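Reading through the structure tokens given below for one structure.
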Amino acid sequence: MARNEEKALTLFNKWQTFKKDFHAGAHNRRPLVSNECMSLPEAEKHRREILGSITKKIASIQNASLGEHRIRELNDEINKDVRRKHYWEIRIRELGGSDYKLSKRQFIDIDGKELPGAPNYKYYGAAKDLPGVRELFADLEEAAEKKRMQKSRGDLYKNITPDYYGYRDDDDGVLAPKEAERERVLVGEAVREHAAKKQRLVSEVRRTGGAFGETKEELQRYLDDEEEMLAPDVAATPVIHTGSVTGNADVEKGRDIAKAHIAVPSQDDIMKKVLEEKKKALLDKYTTL
């Protein structure tokens with residue numbers, strides 16, 4: 001009987017102690033919103049409490065044998081506490097306290113790693129080796145390695161010299177003789193091909209008796225090309241004809257004479273026209289002011 005009374009008394013004492021501590025700590029309980037705190041010492045104390053909680057959870061998440069579910073849960077809690085710490089640091093700065101953003105990086109920022117596309121969420125400890133997360137970090141490291149090995153535009157331009165653009169190819173005296181020899185060979189081949197083609201066409205015209213046909217037209221085009229190559233200035237000069245060209249020796253040989261269907265201005269006419277345009281432009285410029 002006495003034992004039951006002792007048990008009941010003990011339970012009653014526990015309840016009284018809990019109720020006393022609960023009501024006494026109501027004033028010291030951390031507010032849900034940091035803006036409700038108006039005392040700098042209390043804000044500093046709440047920040048230290050959150051920092052201690054984060055430290056314990058980071059130490060616990062290093063154990064990979066906790067299981068995937070528990071590791072993910074701990075990682076989520078750590079990220080929530082980090083956000084709370086950030087809010088309390090802002091409140092401390094508003095109350096005139098220290099600016100923790102200007103201090104050096106803490107172990108929380110060093111141990112955590114975040115993925116692109118998920119800002120402000122980091123993976124700590126064994127959470128970085130979770131299925132699905134490990135592959136994402138591996139791909140991220142591979143992309144960073146490729147970017148580090150890839151040369152930038154500045155690195156490519158470092159080793160570029162005038163030789164790259166061929167500015168000093170003729171300075172050594174090796175390329176000029178080779179080009180001259182190659183030019184002599186090509187000119188010889190072109191001359192031989194030219195003579196063979198001319199002989200073939202002349203023989204064909206003689207064989208057909210000078211009849212007008214495809215060979216005749218081909219010979220005419222060939223002779224015109226030959227004349228332009230031998231005397232380009234003469235061939236390019238337009239000739240104006242006002243009368244008949246019947247009986248002309250060149251026409252009898254099958255050659256056409258270049259004709260100009262419009263009046264070609266001389267150099268003096270062009271200069272006069274340019275001078276008039278300049279005068280007109282100056283007049284327009286100063287008369288509109």
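Note on naming: chains are A, B, ... as they come in the structure tokens, residues start from 1 per chain, ligands start from 1 in the order shown.
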Quick one: contact table of stretch 4-75 of chain A to stretch 129-136 of chain A, 12 Å max, nearest atom pair and distance in Å to one decimal per residue, counting only C-alpha atoms, chain and number order, as a tab-separated table?
```
residue	atom	partner	partner_atom	distance
A:Ile61	CA	A:Asp129	CA	11.3
A:Gln62	CA	A:Asp129	CA	10.6
A:Asn63	CA	A:Asp129	CA	11.4
A:Ala64	CA	A:Asp129	CA	8.7
A:Ser65	CA	A:Leu130	CA	11.7
A:Leu66	CA	A:Leu130	CA	11.8
A:Gly67	CA	A:Leu130	CA	9.7
A:Glu68	CA	A:Leu130	CA	7.0
A:His69	CA	A:Leu130	CA	10.0
A:Arg70	CA	A:Leu130	CA	11.4
A:Ile71	CA	A:Leu130	CA	8.5
A:Arg72	CA	A:Leu130	CA	8.5
A:Asn75	CA	A:Leu130	CA	11.1
```
DSSP alpha helix (DSSP H) residues within stretch 107-207 of chain A, listed as a count of residues only: 61
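With atom CA of A:Glu114 on one side and atom CA of A:Arg30 on the other, the separation reads 28.6 Å.
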Within stretch 55-218 of chain A, find each residue whose DSSP state, derived from the backbone, is strand (DSSP E), and express the selection as a list in words.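 Checking each residue of stretch 55-218 of chain A, the strand (DSSP E) ones are Lys113, Glu114, Lys122 and Tyr123 of chain A.
Shortest separation to A:Arg91 among A:Thr55, A:His46, A:Glu141, A:Ser34 occurs at residue A:Ser34, atoms counted being only C-alpha atoms.
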In terms of the shortest atom-to-atom distance over only C-alpha atoms, which of A:Lys280, A:Tyr157, A:Leu275, A:Leu74 is closest to A:Ala59?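 When distances to A:Ala59 are compared using only C-alpha atoms, the smallest one comes from A:Leu74.
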Which one is closest to A:Tyr100: A:Ile270, A:Arg47, A:Lys128, A:Leu175? Count only C-alpha atoms.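 With only C-alpha atoms as the atom set, the closest residue is A:Arg47.
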